$ cat run_9.cif   # mmCIF, C-alpha atoms and all ligand atoms
data_input
#
loop_
_atom_site.group_PDB
_atom_site.id
_atom_site.type_symbol
_atom_site.label_atom_id
_atom_site.label_comp_id
_atom_site.auth_asym_id
_atom_site.auth_seq_id
_atom_site.Cartn_x
_atom_site.Cartn_y
_atom_site.Cartn_z
ATOM 1 C CA MET A 2 0.000 0.000 0.000
ATOM 2 C CA ALA A 3 1.288 3.463 -0.848
ATOM 3 C CA PRO A 4 2.089 5.752 2.055
ATOM 4 C CA ASP A 5 -0.467 8.512 2.632
ATOM 5 C CA GLY A 6 1.776 11.215 1.190
ATOM 6 C CA ALA A 7 2.289 9.371 -2.094
ATOM 7 C CA LEU A 8 -1.444 8.711 -2.393
ATOM 8 C CA ALA A 9 -2.226 12.342 -1.754
ATOM 9 C CA TYR A 10 0.297 13.374 -4.380
ATOM 10 C CA ARG A 11 -1.255 11.079 -6.997
ATOM 11 C CA GLU A 12 -4.715 12.386 -6.141
ATOM 12 C CA TRP A 13 -3.476 15.913 -6.667
ATOM 13 C CA ASP A 14 -1.866 14.847 -9.928
ATOM 14 C CA ARG A 15 -5.283 13.836 -11.248
ATOM 15 C CA VAL A 16 -6.880 17.224 -10.670
ATOM 16 C CA ASP A 17 -9.748 17.365 -13.139
ATOM 17 C CA VAL A 18 -9.373 19.952 -15.844
ATOM 18 C CA ASP A 19 -12.282 20.490 -18.217
ATOM 19 C CA PRO A 20 -11.145 19.147 -21.640
ATOM 20 C CA ARG A 21 -12.580 22.302 -23.234
ATOM 21 C CA ALA A 22 -10.082 24.332 -21.217
ATOM 22 C CA VAL A 23 -7.281 22.376 -22.905
ATOM 23 C CA ASP A 24 -8.847 22.986 -26.336
ATOM 24 C CA GLU A 25 -8.952 26.668 -25.579
ATOM 25 C CA PHE A 26 -5.402 26.802 -24.278
ATOM 26 C CA PRO A 27 -3.787 28.633 -27.260
ATOM 27 C CA ARG A 28 -6.503 31.301 -27.299
ATOM 28 C CA LYS A 29 -6.532 31.736 -23.512
ATOM 29 C CA MET A 30 -2.750 31.941 -23.286
ATOM 30 C CA THR A 31 -2.555 34.499 -26.096
ATOM 31 C CA ALA A 32 -5.320 36.609 -24.519
ATOM 32 C CA LEU A 33 -3.634 36.511 -21.096
ATOM 33 C CA VAL A 34 -0.261 37.513 -22.422
ATOM 34 C CA GLU A 35 -1.574 40.182 -24.808
ATOM 35 C CA GLN A 36 -2.541 42.246 -21.773
ATOM 36 C CA HIS A 37 1.183 42.744 -21.232
ATOM 37 C CA ARG A 38 2.172 43.916 -24.709
ATOM 38 C CA PRO A 39 5.510 45.682 -24.152
ATOM 39 C CA SER A 40 4.895 48.365 -26.795
ATOM 40 C CA ARG A 41 2.137 49.846 -24.625
ATOM 41 C CA MET A 42 4.732 50.791 -21.975
ATOM 42 C CA PRO A 43 5.995 54.406 -21.788
ATOM 43 C CA PHE A 44 9.678 53.433 -22.068
ATOM 44 C CA PHE A 45 9.567 53.051 -25.839
ATOM 45 C CA ARG A 46 7.826 56.337 -26.666
ATOM 46 C CA ARG A 47 9.948 58.229 -24.129
ATOM 47 C CA VAL A 48 13.155 56.945 -25.751
ATOM 48 C CA ALA A 49 11.864 58.080 -29.138
ATOM 49 C CA ALA A 50 11.104 61.541 -27.692
ATOM 50 C CA LEU A 51 14.507 62.044 -26.003
ATOM 51 C CA PRO A 52 16.767 64.847 -27.175
ATOM 52 C CA PHE A 53 19.598 63.314 -29.213
ATOM 53 C CA ALA A 54 22.230 64.470 -26.688
ATOM 54 C CA ILE A 55 20.638 62.235 -24.025
ATOM 55 C CA ALA A 56 19.726 59.328 -26.304
ATOM 56 C CA SER A 57 23.313 59.147 -27.548
ATOM 57 C CA ASP A 58 24.979 59.339 -24.134
ATOM 58 C CA PRO A 59 27.323 56.301 -23.993
ATOM 59 C CA ASP A 60 26.617 55.612 -20.309
ATOM 60 C CA PHE A 61 22.842 55.799 -20.770
ATOM 61 C CA LEU A 62 23.082 53.399 -23.721
ATOM 62 C CA GLY A 63 25.324 51.117 -21.666
ATOM 63 C CA GLN A 64 22.755 50.986 -18.861
ATOM 64 C CA VAL A 65 19.949 50.180 -21.304
ATOM 65 C CA HIS A 66 22.107 47.448 -22.834
ATOM 66 C CA LEU A 67 22.838 45.906 -19.421
ATOM 67 C CA VAL A 68 19.189 45.731 -18.381
ATOM 68 C CA TYR A 69 17.838 44.540 -21.722
ATOM 69 C CA GLN A 70 20.646 42.057 -22.402
ATOM 70 C CA SER A 71 20.262 40.675 -18.849
ATOM 71 C CA ALA A 72 16.556 40.031 -19.325
ATOM 72 C CA MET A 73 17.216 38.387 -22.698
ATOM 73 C CA HIS A 74 20.122 36.378 -21.301
ATOM 74 C CA ALA A 75 17.969 35.093 -18.449
ATOM 75 C CA THR A 76 15.419 33.643 -20.848
ATOM 76 C CA ARG A 77 17.993 32.323 -23.350
ATOM 77 C CA ALA A 78 19.834 30.475 -20.573
ATOM 78 C CA ALA A 79 16.620 29.234 -18.942
ATOM 79 C CA VAL A 80 15.180 27.783 -22.155
ATOM 80 C CA TYR A 81 17.772 24.976 -21.894
ATOM 81 C CA TYR A 82 15.944 23.761 -18.761
ATOM 82 C CA LEU A 83 12.387 23.588 -20.147
ATOM 83 C CA PRO A 84 10.469 20.633 -18.689
ATOM 84 C CA HIS A 85 8.169 18.054 -20.359
ATOM 85 C CA LEU A 86 9.991 18.088 -23.700
ATOM 86 C CA ASP A 87 12.247 15.084 -23.369
ATOM 87 C CA SER A 88 11.035 12.748 -26.132
ATOM 88 C CA PRO A 89 13.224 12.655 -29.260
ATOM 89 C CA ALA A 90 10.594 14.506 -31.316
ATOM 90 C CA MET A 91 10.266 17.256 -28.701
ATOM 91 C CA ARG A 92 14.034 17.535 -28.268
ATOM 92 C CA LYS A 93 14.352 18.180 -31.997
ATOM 93 C CA ARG A 94 11.840 21.016 -31.745
ATOM 94 C CA LYS A 95 13.602 22.468 -28.703
ATOM 95 C CA LEU A 96 16.926 22.276 -30.503
ATOM 96 C CA GLN A 97 15.633 24.499 -33.293
ATOM 97 C CA ILE A 98 14.850 27.196 -30.718
ATOM 98 C CA PHE A 99 18.358 26.885 -29.247
ATOM 99 C CA ILE A 100 19.848 27.164 -32.733
ATOM 100 C CA ASP A 101 17.867 30.329 -33.488
ATOM 101 C CA ASP A 102 19.460 31.965 -30.417
ATOM 102 C CA ASP A 103 22.868 30.365 -30.063
ATOM 103 C CA GLY A 104 23.668 28.637 -33.348
ATOM 104 C CA LEU A 105 23.860 31.448 -35.870
ATOM 105 C CA LYS A 106 26.161 31.386 -38.896
ATOM 106 C CA GLY A 107 29.883 31.668 -38.186
ATOM 107 C CA GLY A 108 29.511 30.911 -34.465
ATOM 108 C CA ASP A 109 27.434 34.026 -33.895
ATOM 109 C CA THR A 110 24.628 34.266 -31.332
ATOM 110 C CA HIS A 111 21.695 36.541 -30.636
ATOM 111 C CA HIS A 112 23.576 37.712 -27.537
ATOM 112 C CA TYR A 113 26.649 38.837 -29.515
ATOM 113 C CA GLN A 114 24.466 40.459 -32.198
ATOM 114 C CA LEU A 115 22.672 42.531 -29.573
ATOM 115 C CA THR A 116 25.897 43.744 -27.964
ATOM 116 C CA ARG A 117 27.274 44.754 -31.384
ATOM 117 C CA ALA A 118 24.051 46.648 -32.132
ATOM 118 C CA PHE A 119 24.554 48.729 -28.977
ATOM 119 C CA GLN A 120 28.299 49.145 -29.514
ATOM 120 C CA ASN A 121 27.566 50.472 -32.995
ATOM 121 C CA ILE A 122 25.469 53.296 -31.545
ATOM 122 C CA GLY A 123 28.215 54.152 -29.051
ATOM 123 C CA ALA A 124 27.127 52.332 -25.887
ATOM 124 C CA ASN A 125 29.621 52.116 -23.081
ATOM 125 C CA ILE A 126 29.143 48.384 -22.463
ATOM 126 C CA GLN A 127 29.144 47.705 -18.717
ATOM 127 C CA LEU A 128 29.364 43.930 -18.652
ATOM 128 C CA GLY A 129 31.378 41.864 -21.148
ATOM 129 C CA ASP A 130 29.497 39.190 -23.089
ATOM 130 C CA GLU A 131 31.128 36.247 -21.326
ATOM 131 C CA ASP A 132 30.415 37.793 -17.921
ATOM 132 C CA PHE A 133 26.724 37.028 -18.442
ATOM 133 C CA GLY A 134 26.785 33.726 -16.569
ATOM 134 C CA SER A 135 24.641 32.320 -13.796
ATOM 135 C CA HIS A 136 21.381 34.032 -12.959
ATOM 136 C CA ASP A 137 22.436 34.635 -9.352
ATOM 137 C CA GLU A 138 25.753 36.203 -10.261
ATOM 138 C CA LEU A 139 24.150 38.416 -12.890
ATOM 139 C CA CYS A 140 21.696 39.793 -10.310
ATOM 140 C CA ARG A 141 24.587 41.376 -8.428
ATOM 141 C CA HIS A 142 24.904 43.838 -11.327
ATOM 142 C CA LEU A 143 21.190 44.608 -11.560
ATOM 143 C CA ASP A 144 18.453 46.740 -10.020
ATOM 144 C CA PRO A 145 15.838 44.810 -7.973
ATOM 145 C CA GLU A 146 13.156 44.777 -10.694
ATOM 146 C CA THR A 147 15.376 43.385 -13.435
ATOM 147 C CA GLY A 148 16.905 41.017 -10.880
ATOM 148 C CA HIS A 149 13.403 39.792 -10.046
ATOM 149 C CA PHE A 150 12.739 39.028 -13.720
ATOM 150 C CA VAL A 151 16.081 37.223 -14.060
ATOM 151 C CA ARG A 152 15.513 35.056 -10.957
ATOM 152 C CA LEU A 153 11.925 34.326 -11.926
ATOM 153 C CA ALA A 154 12.960 33.212 -15.423
ATOM 154 C CA GLN A 155 15.416 30.758 -13.914
ATOM 155 C CA LYS A 156 12.814 29.343 -11.534
ATOM 156 C CA LEU A 157 9.689 29.326 -13.691
ATOM 157 C CA TYR A 158 11.128 28.176 -17.039
ATOM 158 C CA ALA A 159 12.286 24.992 -15.323
ATOM 159 C CA ARG A 160 8.860 24.446 -13.731
ATOM 160 C CA SER A 161 6.325 24.872 -16.517
ATOM 161 C CA LEU A 162 6.055 25.860 -20.171
ATOM 162 C CA GLY A 163 3.880 28.925 -19.511
ATOM 163 C CA PRO A 164 6.680 31.481 -19.014
ATOM 164 C CA TRP A 165 8.335 30.375 -22.256
ATOM 165 C CA CYS A 166 5.022 30.859 -24.117
ATOM 166 C CA ALA A 167 4.572 34.320 -22.571
ATOM 167 C CA VAL A 168 8.026 35.518 -23.568
ATOM 168 C CA GLU A 169 7.886 34.069 -27.090
ATOM 169 C CA ILE A 170 4.419 35.497 -27.763
ATOM 170 C CA LEU A 171 5.546 38.985 -26.689
ATOM 171 C CA SER A 172 9.055 39.098 -28.126
ATOM 172 C CA VAL A 173 8.266 40.284 -31.637
ATOM 173 C CA ASP A 174 6.332 43.206 -30.135
ATOM 174 C CA TRP A 175 9.170 44.432 -27.911
ATOM 175 C CA MET A 176 11.842 43.889 -30.563
ATOM 176 C CA GLN A 177 9.863 46.018 -32.992
ATOM 177 C CA ALA A 178 9.218 48.678 -30.334
ATOM 178 C CA LEU A 179 12.881 48.789 -29.248
ATOM 179 C CA ALA A 180 14.196 48.952 -32.819
ATOM 180 C CA GLU A 181 11.786 51.737 -33.753
ATOM 181 C CA ALA A 182 12.419 53.792 -30.600
ATOM 182 C CA PHE A 183 16.217 53.883 -30.984
ATOM 183 C CA SER A 184 16.048 54.203 -34.774
ATOM 184 C CA VAL A 185 14.524 57.662 -34.313
ATOM 185 C CA HIS A 186 18.034 58.659 -33.175
ATOM 186 C CA PHE A 187 20.120 56.037 -34.992
ATOM 187 C CA PRO A 188 18.411 55.119 -38.280
ATOM 188 C CA GLN A 189 20.786 52.195 -38.903
ATOM 189 C CA PHE A 190 19.836 50.536 -35.591
ATOM 190 C CA ILE A 191 16.777 48.742 -37.006
ATOM 191 C CA HIS A 192 18.994 47.315 -39.762
ATOM 192 C CA GLU A 193 21.368 45.628 -37.318
ATOM 193 C CA PRO A 194 21.381 41.827 -37.834
ATOM 194 C CA TYR A 195 19.900 41.374 -34.326
ATOM 195 C CA PHE A 196 16.699 42.960 -35.593
ATOM 196 C CA GLU A 197 16.785 42.597 -39.364
ATOM 197 C CA GLU A 198 17.452 38.829 -39.467
ATOM 198 C CA CYS A 199 14.749 38.277 -36.906
ATOM 199 C CA PHE A 200 12.152 40.422 -38.693
ATOM 200 C CA SER A 201 12.920 39.202 -42.227
ATOM 201 C CA GLN A 202 12.882 35.516 -41.235
ATOM 202 C CA HIS A 203 9.899 35.949 -38.865
ATOM 203 C CA VAL A 204 11.890 34.123 -36.190
ATOM 204 C CA GLU A 205 9.880 35.383 -33.220
ATOM 205 C CA GLU A 206 6.511 34.784 -34.887
ATOM 206 C CA ARG A 207 7.677 31.195 -35.481
ATOM 207 C CA HIS A 208 8.794 30.860 -31.847
ATOM 208 C CA ALA A 209 5.455 32.195 -30.620
ATOM 209 C CA GLN A 210 3.539 29.638 -32.685
ATOM 210 C CA GLU A 211 5.933 26.820 -31.812
ATOM 211 C CA SER A 212 5.801 27.464 -28.068
ATOM 212 C CA LEU A 213 1.985 27.460 -28.199
ATOM 213 C CA ASN A 214 1.825 24.300 -30.342
ATOM 214 C CA VAL A 215 4.306 22.361 -28.238
ATOM 215 C CA THR A 216 2.731 23.442 -24.955
ATOM 216 C CA HIS A 217 -0.748 22.616 -26.263
ATOM 217 C CA MET A 218 0.434 19.078 -27.078
ATOM 218 C CA VAL A 219 1.815 18.706 -23.544
ATOM 219 C CA MET A 220 -1.450 20.012 -22.043
ATOM 220 C CA GLN A 221 -3.432 17.451 -24.075
ATOM 221 C CA GLU A 222 -1.296 14.698 -22.554
ATOM 222 C CA ARG A 223 -1.239 16.193 -19.048
ATOM 223 C CA PRO A 224 -4.239 18.498 -18.520
ATOM 224 C CA GLU A 225 -3.450 18.713 -14.813
ATOM 225 C CA LEU A 226 -0.514 20.991 -15.725
ATOM 226 C CA LEU A 227 -2.804 23.639 -17.206
ATOM 227 C CA PRO A 228 -3.465 25.808 -14.099
ATOM 228 C CA GLU A 229 0.213 26.044 -13.183
ATOM 229 C CA THR A 230 1.170 26.750 -16.802
ATOM 230 C CA MET A 231 -1.251 29.680 -16.977
ATOM 231 C CA ARG A 232 -0.279 30.992 -13.550
ATOM 232 C CA ASP A 233 3.443 30.924 -14.330
ATOM 233 C CA ALA A 234 2.869 32.665 -17.678
ATOM 234 C CA LYS A 235 1.050 35.470 -15.881
ATOM 235 C CA MET A 236 3.853 35.857 -13.327
ATOM 236 C CA MET A 237 6.462 36.031 -16.092
ATOM 237 C CA ALA A 238 4.485 38.585 -18.116
ATOM 238 C CA GLU A 239 4.027 40.764 -15.019
ATOM 239 C CA ALA A 240 7.747 40.600 -14.255
ATOM 240 C CA LEU A 241 8.488 41.593 -17.842
ATOM 241 C CA ASP A 242 6.425 44.752 -17.313
ATOM 242 C CA GLY A 243 8.857 45.480 -14.464
ATOM 243 C CA VAL A 244 11.811 45.386 -16.871
ATOM 244 C CA TRP A 245 10.223 48.055 -19.118
ATOM 245 C CA ASN A 246 9.344 50.115 -16.031
ATOM 246 C CA ASN A 247 12.926 49.993 -14.906
ATOM 247 C CA LEU A 248 14.178 50.974 -18.352
ATOM 248 C CA ASP A 249 11.739 53.876 -18.247
ATOM 249 C CA ARG A 250 13.289 54.989 -14.948
ATOM 250 C CA LEU A 251 16.696 55.018 -16.655
ATOM 251 C CA VAL A 252 15.264 57.359 -19.302
ATOM 252 C CA GLN A 253 13.784 59.689 -16.699
ATOM 253 C CA THR A 254 16.981 59.722 -14.623
ATOM 254 C CA ALA A 255 19.019 60.574 -17.727
ATOM 255 C CA ARG A 256 16.631 63.468 -18.485
ATOM 256 C CA ARG A 257 16.855 64.840 -14.943
ATOM 257 C CA ARG A 258 20.651 64.563 -14.917
ATOM 258 C CA THR A 259 20.895 66.561 -18.130
ATOM 259 C CA ARG A 260 18.508 69.265 -16.860
ATOM 260 C CA ARG A 261 20.761 69.802 -13.846
ATOM 261 C CA LEU A 262 23.907 70.289 -15.974
HETATM 262 FE FE FE A 301 12.321 33.645 -29.456
#

$ encode --input "run_9.cif" --output "structure tokens" --more "lines below"
Ligand SMILES: [Fe+2]
Amino acid sequence: MAPDGALAYREWDRVDVDPRAVDEFPRKMTALVEQHRPSRMPFFRRVAALPFAIASDPDFLGQVHLVYQSAMHATRAAVYYLPHLDSPAMRKRKLQIFIDDDGLKGGDTHHYQLTRAFQNIGANIQLGDEDFGSHDELCRHLDPETGHFVRLAQKLYARSLGPWCAVEILSVDWMQALAEAFSVHFPQFIHEPYFEECFSQHVEERHAQESLNVTHMVMQERPELLPETMRDAKMMAEALDGVWNNLDRLVQTARRRTRRL
């Protein structure tokens, strides 16, 4: 006979989820995440409206790079720990996502492309590419809100597939918004490979669809995972709002500093 604890665990594992909820998963997940569209946040329009002298300040650009690259790094590193995708067919699909980030032509990566994009507009890079390592270590260089996002990505990506869906669904929106905001000041910015390759090959649209498809398949097999998947997606999307809020604070601090000079 199973000990009480084990029995209770199995009971919990069989939590009934209405099959219609699983059918509606892609629509529900998209609707949940869409409430957190990054482009609605003030950071992007405030960057576009900055005087050029502030927008081109190397230290300001270096701070923006550190926060944005850290958030991206946290998700790129965490995607290697996604659960429930261990069959050969699922591993192949996961591998394609890894390749899109870390297996670019000539040994290039999305991380390196992003740093070059900021270097090319004069950013004073604060943290070297290879110093982006463990989540915990990275947090020592970050403000609390970005640190919260970084830690949450590490924890939640390994627990359920919801956070991955949230980030992939939203990424094309923030990449477009970021490229457009800085291109007001640096017209070549949007043509950097980090953006242009992604936009022309519809990489993020593909990731959004793939994360939804793969997660939907897992939910059909294991409907009991649905509540946690949705809850974790919401937590990740809320934490992402915090990253844009923090970037917005950098913009406002830069403005105030310049007014005082
Ligand atoms: Fe992606």

$ closest_atom_pairs --input "run_9.cif" --of "chain A" --to "ligand FE 301 (chain A)" --cutoff "6 Å" --atoms "all atoms listed in the file" --output "JSON lines"
{"residue": "A:Glu169", "atom": "CA", "partner": "A:FE301", "partner_atom": "FE", "distance": 5.0}
{"residue": "A:Glu205", "atom": "CA", "partner": "A:FE301", "partner_atom": "FE", "distance": 4.8}
{"residue": "A:His208", "atom": "CA", "partner": "A:FE301", "partner_atom": "FE", "distance": 5.1}

$ closest_residue --input "run_9.cif" --among "A:Arg250, A:His203, A:His66, A:Arg257" --to "Gly123 (chain A)" --atoms "only C-alpha atoms"
A:His66

$ atom_distance --input "run_9.cif" --atom1 "CA of Gln189 (chain A)" --atom2 "CA of Val244 (chain A)"
24.7 Å

$ closest_residue --input "run_9.cif" --among "A:Arg21, A:Arg94, A:His136, A:His192" --to "Gln114 (chain A)" --atoms "all atoms listed in the file"
A:His192

$ atom_distance --input "run_9.cif" --atom1 "CA of His142 (chain A)" --atom2 "CA of Gln70 (chain A)"
12.0 Å

$ atom_distance --input "run_9.cif" --atom1 "CA of Ser57 (chain A)" --atom2 "CA of His186 (chain A)"
7.7 Å

$ closest_atom_pairs --input "run_9.cif" --of "region 49-136 of chain A" --to "region 155-158 of chain A" --cutoff "12 Å" --atoms "only C-alpha atoms" --output "JSON lines"
{"residue": "A:Ala72", "atom": "CA", "partner": "A:Gln155", "partner_atom": "CA", "distance": 10.8}
{"residue": "A:Met73", "atom": "CA", "partner": "A:Gln155", "partner_atom": "CA", "distance": 11.8}
{"residue": "A:His74", "atom": "CA", "partner": "A:Gln155", "partner_atom": "CA", "distance": 10.4}
{"residue": "A:Ala75", "atom": "CA", "partner": "A:Gln155", "partner_atom": "CA", "distance": 6.8}
{"residue": "A:Thr76", "atom": "CA", "partner": "A:Gln155", "partner_atom": "CA", "distance": 7.5}
{"residue": "A:Arg77", "atom": "CA", "partner": "A:Gln155", "partner_atom": "CA", "distance": 9.9}
{"residue": "A:Ala78", "atom": "CA", "partner": "A:Gln155", "partner_atom": "CA", "distance": 8.0}
{"residue": "A:Ala79", "atom": "CA", "partner": "A:Gln155", "partner_atom": "CA", "distance": 5.4}
{"residue": "A:Val80", "atom": "CA", "partner": "A:Tyr158", "partner_atom": "CA", "distance": 6.5}
{"residue": "A:Tyr81", "atom": "CA", "partner": "A:Tyr158", "partner_atom": "CA", "distance": 8.8}
{"residue": "A:Tyr82", "atom": "CA", "partner": "A:Tyr158", "partner_atom": "CA", "distance": 6.8}
{"residue": "A:Leu83", "atom": "CA", "partner": "A:Tyr158", "partner_atom": "CA", "distance": 5.7}
{"residue": "A:Pro84", "atom": "CA", "partner": "A:Tyr158", "partner_atom": "CA", "distance": 7.7}
{"residue": "A:His85", "atom": "CA", "partner": "A:Tyr158", "partner_atom": "CA", "distance": 11.1}
{"residue": "A:Ser135", "atom": "CA", "partner": "A:Gln155", "partner_atom": "CA", "distance": 9.4}
{"residue": "A:His136", "atom": "CA", "partner": "A:Gln155", "partner_atom": "CA", "distance": 6.9}

$ resolve_selection --input "run_9.cif" --expression "the PyMOL selection byres (((chain A and resi 129) around 12) and not hetatm)" --output "VMD selection string"
chain A and resid 63 66 to 67 70 to 71 112 to 113 116 to 117 120 125 to 128 130 to 134 139 142

$ build_atoms --input "run_9.cif" --residues "region 163-192 of chain A" --atoms "N, CA and C atoms" --output "mmCIF file, in the frame of the given file"
data_model
loop_
_atom_site.group_PDB
_atom_site.id
_atom_site.type_symbol
_atom_site.label_atom_id
_atom_site.label_comp_id
_atom_site.auth_asym_id
_atom_site.auth_seq_id
_atom_site.Cartn_x
_atom_site.Cartn_y
_atom_site.Cartn_z
ATOM 1 N N GLY A 163 4.605 27.659 -19.377
ATOM 2 C CA GLY A 163 3.880 28.925 -19.511
ATOM 3 C C GLY A 163 4.779 30.143 -19.696
ATOM 4 N N PRO A 164 5.818 30.309 -18.870
ATOM 5 C CA PRO A 164 6.680 31.481 -19.014
ATOM 6 C C PRO A 164 7.346 31.566 -20.386
ATOM 7 N N TRP A 165 7.736 30.421 -20.912
ATOM 8 C CA TRP A 165 8.335 30.375 -22.256
ATOM 9 C C TRP A 165 7.323 30.873 -23.291
ATOM 10 N N CYS A 166 6.070 30.385 -23.201
ATOM 11 C CA CYS A 166 5.022 30.859 -24.117
ATOM 12 C C CYS A 166 4.869 32.380 -24.003
ATOM 13 N N ALA A 167 4.803 32.884 -22.773
ATOM 14 C CA ALA A 167 4.572 34.320 -22.571
ATOM 15 C C ALA A 167 5.664 35.139 -23.252
ATOM 16 N N VAL A 168 6.898 34.759 -23.020
ATOM 17 C CA VAL A 168 8.026 35.518 -23.568
ATOM 18 C C VAL A 168 8.052 35.414 -25.094
ATOM 19 N N GLU A 169 7.826 34.225 -25.625
ATOM 20 C CA GLU A 169 7.886 34.069 -27.090
ATOM 21 C C GLU A 169 6.729 34.795 -27.774
ATOM 22 N N ILE A 170 5.564 34.806 -27.153
ATOM 23 C CA ILE A 170 4.419 35.497 -27.763
ATOM 24 C C ILE A 170 4.688 37.003 -27.819
ATOM 25 N N LEU A 171 5.358 37.527 -26.782
ATOM 26 C CA LEU A 171 5.546 38.985 -26.689
ATOM 27 C C LEU A 171 6.801 39.489 -27.392
ATOM 28 N N SER A 172 7.728 38.606 -27.733
ATOM 29 C CA SER A 172 9.055 39.098 -28.126
ATOM 30 C C SER A 172 9.054 39.897 -29.421
ATOM 31 N N VAL A 173 8.238 39.509 -30.382
ATOM 32 C CA VAL A 173 8.266 40.284 -31.637
ATOM 33 C C VAL A 173 7.797 41.724 -31.379
ATOM 34 N N ASP A 174 6.863 41.871 -30.462
ATOM 35 C CA ASP A 174 6.332 43.206 -30.135
ATOM 36 C C ASP A 174 7.417 44.091 -29.524
ATOM 37 N N TRP A 175 8.175 43.546 -28.538
ATOM 38 C CA TRP A 175 9.170 44.432 -27.911
ATOM 39 C C TRP A 175 10.371 44.651 -28.825
ATOM 40 N N MET A 176 10.700 43.662 -29.658
ATOM 41 C CA MET A 176 11.842 43.889 -30.563
ATOM 42 C C MET A 176 11.519 44.997 -31.557
ATOM 43 N N GLN A 177 10.308 44.965 -32.071
ATOM 44 C CA GLN A 177 9.863 46.018 -32.992
ATOM 45 C C GLN A 177 9.870 47.381 -32.279
ATOM 46 N N ALA A 178 9.314 47.407 -31.075
ATOM 47 C CA ALA A 178 9.218 48.678 -30.334
ATOM 48 C C ALA A 178 10.602 49.229 -30.001
ATOM 49 N N LEU A 179 11.517 48.353 -29.599
ATOM 50 C CA LEU A 179 12.881 48.789 -29.248
ATOM 51 C C LEU A 179 13.610 49.308 -30.483
ATOM 52 N N ALA A 180 13.513 48.554 -31.578
ATOM 53 C CA ALA A 180 14.196 48.952 -32.819
ATOM 54 C C ALA A 180 13.676 50.315 -33.292
ATOM 55 N N GLU A 181 12.371 50.482 -33.259
ATOM 56 C CA GLU A 181 11.786 51.737 -33.753
ATOM 57 C C GLU A 181 12.149 52.914 -32.846
ATOM 58 N N ALA A 182 12.137 52.691 -31.531
ATOM 59 C CA ALA A 182 12.419 53.792 -30.600
ATOM 60 C C ALA A 182 13.838 54.318 -30.789
ATOM 61 N N PHE A 183 14.825 53.421 -30.855
ATOM 62 C CA PHE A 183 16.217 53.883 -30.984
ATOM 63 C C PHE A 183 16.543 54.306 -32.420
ATOM 64 N N SER A 184 15.785 53.811 -33.383
ATOM 65 C CA SER A 184 16.048 54.203 -34.774
ATOM 66 C C SER A 184 15.635 55.643 -35.061
ATOM 67 N N VAL A 185 14.821 56.233 -34.183
ATOM 68 C CA VAL A 185 14.524 57.662 -34.313
ATOM 69 C C VAL A 185 15.843 58.449 -34.219
ATOM 70 N N HIS A 186 16.752 57.975 -33.390
ATOM 71 C CA HIS A 186 18.034 58.659 -33.175
ATOM 72 C C HIS A 186 19.160 58.055 -34.017
ATOM 73 N N PHE A 187 19.069 56.752 -34.251
ATOM 74 C CA PHE A 187 20.120 56.037 -34.992
ATOM 75 C C PHE A 187 19.431 55.202 -36.076
ATOM 76 N N PRO A 188 19.227 55.806 -37.258
ATOM 77 C CA PRO A 188 18.411 55.119 -38.280
ATOM 78 C C PRO A 188 18.945 53.738 -38.683
ATOM 79 N N GLN A 189 20.246 53.509 -38.494
ATOM 80 C CA GLN A 189 20.786 52.195 -38.903
ATOM 81 C C GLN A 189 20.479 51.100 -37.881
ATOM 82 N N PHE A 190 20.024 51.501 -36.687
ATOM 83 C CA PHE A 190 19.836 50.536 -35.591
ATOM 84 C C PHE A 190 18.884 49.400 -35.989
ATOM 85 N N ILE A 191 17.793 49.747 -36.644
ATOM 86 C CA ILE A 191 16.777 48.742 -37.006
ATOM 87 C C ILE A 191 17.309 47.770 -38.071
ATOM 88 N N HIS A 192 18.410 48.185 -38.735
ATOM 89 C CA HIS A 192 18.994 47.315 -39.762
ATOM 90 C C HIS A 192 20.112 46.425 -39.216
#
